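Right, one structure below, let's go through it.
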Amino acid sequence: MRRAAQFAFVMLTFAVGVSKAMSADVQNFAAVERGRYLAAAADCGSCHTVPGSDHPFSGGRPIETPFGVLVAPNITPDRETGIGAWTDEEFDAAARKGMRRDGKRLYPAMPFPYFARMTQEDVKDIRAYLSTVEPVHNSVAANQLPFPLNQRMAMTVWDKLYFKPGEFMEQRNKSKQWNRGAYLVEGPGHCGACHTPKTVLGGDKSDKPLQGYTLQGWVAPDITSGQGPLAEWSADDLAQYLKTGHNRFAAAAGLMGEVVELSTSRLSDDDTKAMAAYLKDVSGPKAAADSSADAHVMAAGGAIYQDLCSACHKSDGSGVPNLIPNLAHAATVNTGDPTTVLRVILQGAQSVATDKEPTGPAMPAFGWQLNDVQVAAVATYVRNHWGKAPPVSADQAKKERAALDARTN
Ligand code: HEC
Ligand code: HEC
Ligand code: HEC
């Protein structure tokens, strides 16, 4: 009898132990999956992985900033060269406060000013997920900036000017969907890192959120809904672009192609719709004043366009929905800054392929075939024939060609 009772007791404690361990596993599994999703929303992998490498998060990718190049560190769980030996608190301080493990400041090339909007639990779950990836031994010397910018002390001043700590606060008078979208755009999505104009010190102009900025040779257009380039896009157009990289107006290439591929296309439909609903509610400035171009330049540009471009983009600029962008409606074309248009004409472009739309159509380069005057003429034509964006000079074409050469050599 006693033995039977003992046996029952042992079995009972065993069962309780198993179910405790199981529920810890289930909890941990849920945290890891939530962390995986948030890491995609925050696009941690894009900067912290060398493109094409088989070792995600192992660092080494150079990040071009207005001040020089920084290299993203190894954030795999390797204890020596990654973050395996870090506590959760140290990880949280890096992600949300821009604080390194040695107490020095991180440069904002790591988008911590946005990640600060995440909750402690969000960041803890990202850590839980990162702890499950393959540890890779890879030492990275992150800071390759020239003196005096390589002095991290300077960042203390930057933080005072531009860093506003504090988690995202829900706005009670807005819907749940709006708040979810605002959280994703302002927090993990760090959309403003590229789309918000910057001061000379590289801080966000907080009075002009999401109103457009040019970086690394790309125009990240105004994505407010106001009367800017996205005024005609519906919330569904926006959600479709974020999910697939294409819609009836535009195709995502370059930096945004990468954001779509690695981040927004991996989010749920509810989340891309929430971001779209929020963006439709962010108002922006009115479109730039109309300006017209020289008739001779327009005639020359029009002739080049019919010859080299109309086969794909059509004579009326309308392109092919979801495949070839509609130049008459593309924000990157009809905007003050011609950088993207020049870049695409000179260098060609490959739009992004996502699971939903596996073939990313490409545009050939014309830089080898057209001289600066011709490039400027056709760029002026596409910008000024359907829209009213200012003309482009041969000098601007020459500068953009030199900048592209510098970047590829
Ligand atoms: C836009 C590029 C970019 C994105 C996106 C990005 N990082 Fe970083 N991260 C960097 C760069 C660059 C540094 C180094 C900055 C420095 O040296 O001051 C860095 C530093 C770090 C560090 C400090 C590592 C160390 O050894 O000091 C951690 C931890 C980190 N990132 C985690 C993350 C996580 C987690 C995410 C996603 C939530 C993320 N990063 C997204 C660019 C990025
Ligand atoms: C790394 C920089 C970067 C980040 C981060 C980024 N974008 Fe972009 N975005 C761009 C660039 C550059 C373009 C222009 C793309 C092109 O030329 O094909 C663009 C284009 C867009 C467009 C299309 C505009 C048009 O009219 O063609 C939308 C919408 C957009 N981004 C939304 C977002 C949202 C929402 C986020 C945050 C989840 C985001 N972007 C994050 C750089 C970025
Ligand atoms: C073989 C077909 C093809 C030809 C020819 C072609 N394009 Fe394109 N073009 C594309 C595709 C596909 C894209 C979308 C890829 C991308 O966004 O990078 C594109 C994108 C663009 C964009 C960027 C639009 C946006 O939404 O950001 C501009 C501007 C452009 N083309 C202008 C031209 C001009 C000017 C010519 C002639 C000199 C030309 N294209 C010739 C296929 C073509």
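A note on labels: chains of the structure tokens are A, B, ... as shown, every chain counts residues from 1, and ligands are counted from 1 in their shown order.
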How close does each residue of chain A get to ligand 1, giving the shortest atom pair and distance in Å to one decimal for every residue with an atom at most 8 Å away, counting only C-alpha atoms and all ligand atoms, sorted by chain and residue number, as CSV?
```
residue,atom,partner,partner_atom_place_in_ligand_line,distance
A:Leu38,CA,ligand 1,38 (C),7.3
A:Ala39,CA,ligand 1,38 (C),5.4
A:Ala40,CA,ligand 1,37 (C),7.9
A:Ala42,CA,ligand 1,38 (C),4.9
A:Asp43,CA,ligand 1,5 (C),5.1
A:Cys44,CA,ligand 1,37 (C),3.4
A:Gly45,CA,ligand 1,41 (C),6.9
A:Ser46,CA,ligand 1,5 (C),6.2
A:Cys47,CA,ligand 1,2 (C),4.3
A:His48,CA,ligand 1,7 (N),6.1
A:Pro62,CA,ligand 1,12 (C),7.6
A:Ile63,CA,ligand 1,12 (C),6.0
A:Leu70,CA,ligand 1,12 (C),5.3
A:Val71,CA,ligand 1,12 (C),5.3
A:Ala72,CA,ligand 1,12 (C),4.0
A:Pro73,CA,ligand 1,26 (O),5.3
A:Asn74,CA,ligand 1,26 (O),6.5
A:Ile75,CA,ligand 1,29 (C),6.0
A:Thr81,CA,ligand 1,26 (O),8.0
A:Gly82,CA,ligand 1,26 (O),6.7
A:Ile83,CA,ligand 1,26 (O),6.8
A:Phe91,CA,ligand 1,29 (C),5.5
A:Asp92,CA,ligand 1,29 (C),7.9
A:Ala94,CA,ligand 1,29 (C),5.2
A:Ala95,CA,ligand 1,32 (C),5.6
A:Gly98,CA,ligand 1,23 (C),7.9
A:Met99,CA,ligand 1,23 (C),7.8
A:Arg100,CA,ligand 1,27 (O),4.9
A:Arg101,CA,ligand 1,27 (O),6.2
A:Arg105,CA,ligand 1,18 (O),6.5
A:Leu106,CA,ligand 1,18 (O),3.4
A:Tyr107,CA,ligand 1,18 (O),3.7
A:Pro108,CA,ligand 1,15 (C),6.9
A:Ala109,CA,ligand 1,12 (C),4.7
A:Met110,CA,ligand 1,10 (C),3.7
A:Pro111,CA,ligand 1,4 (C),5.8
A:Phe112,CA,ligand 1,8 (Fe),7.8
A:Phe115,CA,ligand 1,38 (C),6.6
A:Val123,CA,ligand 1,38 (C),7.3
A:Ile126,CA,ligand 1,35 (C),6.4
A:Arg127,CA,ligand 1,35 (C),7.0
A:Leu130,CA,ligand 1,35 (C),7.9
A:Ala142,CA,ligand 1,17 (O),4.8
A:Asn143,CA,ligand 1,17 (O),5.2
A:Arg152,CA,ligand 1,18 (O),7.7
A:Pro188,CA,ligand 1,38 (C),6.6
A:His190,CA,ligand 1,5 (C),7.8
A:Ala193,CA,ligand 1,1 (C),7.8
```
Can you list every residue of chain A that has an atom at most 7 Å from ligand 2, with its nearest atom pair and the distance in Å to one decimal, using only C-alpha atoms and all ligand atoms, ordered by chain then number, as a tab-separated table?
```
residue	atom	partner	partner_atom_place_in_ligand_line	distance
A:Val185	CA	ligand 2	37 (C)	5.3
A:Gly189	CA	ligand 2	38 (C)	4.2
A:His190	CA	ligand 2	37 (C)	5.7
A:Cys191	CA	ligand 2	37 (C)	3.4
A:Gly192	CA	ligand 2	41 (C)	6.8
A:Ala193	CA	ligand 2	5 (C)	5.7
A:Cys194	CA	ligand 2	2 (C)	4.3
A:His195	CA	ligand 2	7 (N)	6.1
A:Trp218	CA	ligand 2	12 (C)	4.7
A:Val219	CA	ligand 2	12 (C)	4.9
A:Ala220	CA	ligand 2	11 (C)	3.7
A:Pro221	CA	ligand 2	24 (C)	5.6
A:Ile223	CA	ligand 2	29 (C)	5.7
A:Pro229	CA	ligand 2	26 (O)	5.9
A:Leu230	CA	ligand 2	26 (O)	5.8
A:Leu238	CA	ligand 2	29 (C)	5.7
A:Tyr241	CA	ligand 2	29 (C)	6.6
A:Leu242	CA	ligand 2	29 (C)	6.8
A:Ala250	CA	ligand 2	27 (O)	5.2
A:Ala251	CA	ligand 2	18 (O)	5.7
A:Ala252	CA	ligand 2	18 (O)	3.8
A:Ala253	CA	ligand 2	18 (O)	3.9
A:Gly254	CA	ligand 2	18 (O)	6.1
A:Leu255	CA	ligand 2	12 (C)	4.9
A:Met256	CA	ligand 2	10 (C)	4.2
A:Gly257	CA	ligand 2	18 (O)	6.7
A:Val259	CA	ligand 2	4 (C)	6.1
A:Thr264	CA	ligand 2	38 (C)	6.3
A:Met275	CA	ligand 2	35 (C)	6.4
A:Ala330	CA	ligand 2	26 (O)	5.4
A:Ala331	CA	ligand 2	26 (O)	3.7
A:Thr332	CA	ligand 2	27 (O)	5.5
A:Thr340	CA	ligand 2	17 (O)	5.9
```
Neighbourhood of ligand 3 at 8 Å, counting only C-alpha atoms and all ligand atoms, reported as JSON, numbers by chain: {"A": [249, 250, 251, 252, 253, 254, 304, 305, 307, 308, 309, 310, 311, 312, 313, 323, 324, 325, 326, 327, 330, 331, 332, 333, 340, 341, 342, 344, 345, 348, 349, 350, 351, 352, 360, 361, 362, 363, 364, 366, 375, 378, 379, 382]}
Nearest to Leu346 of chain A by atom-to-atom distance, counting only C-alpha atoms, from A:Asn334, A:Thr65, A:Asn371, A:Thr119: A:Asn371
Shell of 6 Å around Thr76 of chain A, only C-alpha atoms, local chain residues under 3 positions omitted, as a VMD selection string: chain A and resid 57 to 58 82 135
Residues flagged helix (DSSP H, G or I) by DSSP in segment 70-285 of chain A, as an MDAnalysis selection string: chainID A and resid 88:97 112:115 120:130 154:162 176:186 192:195 229:232 235:244 254:262 264:266 269:280
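Take the candidates A:Asn384, A:Gln306, A:Thr339, A:Gln369 and check each one against Gln396 of chain A using only C-alpha atoms; the shortest distance goes to A:Thr339.
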Given only C-alpha atoms as the counted atoms, nearest of A:Ala376, A:Val140, A:Ala406, A:Leu370 to Ala394 of chain A: A:Ala376
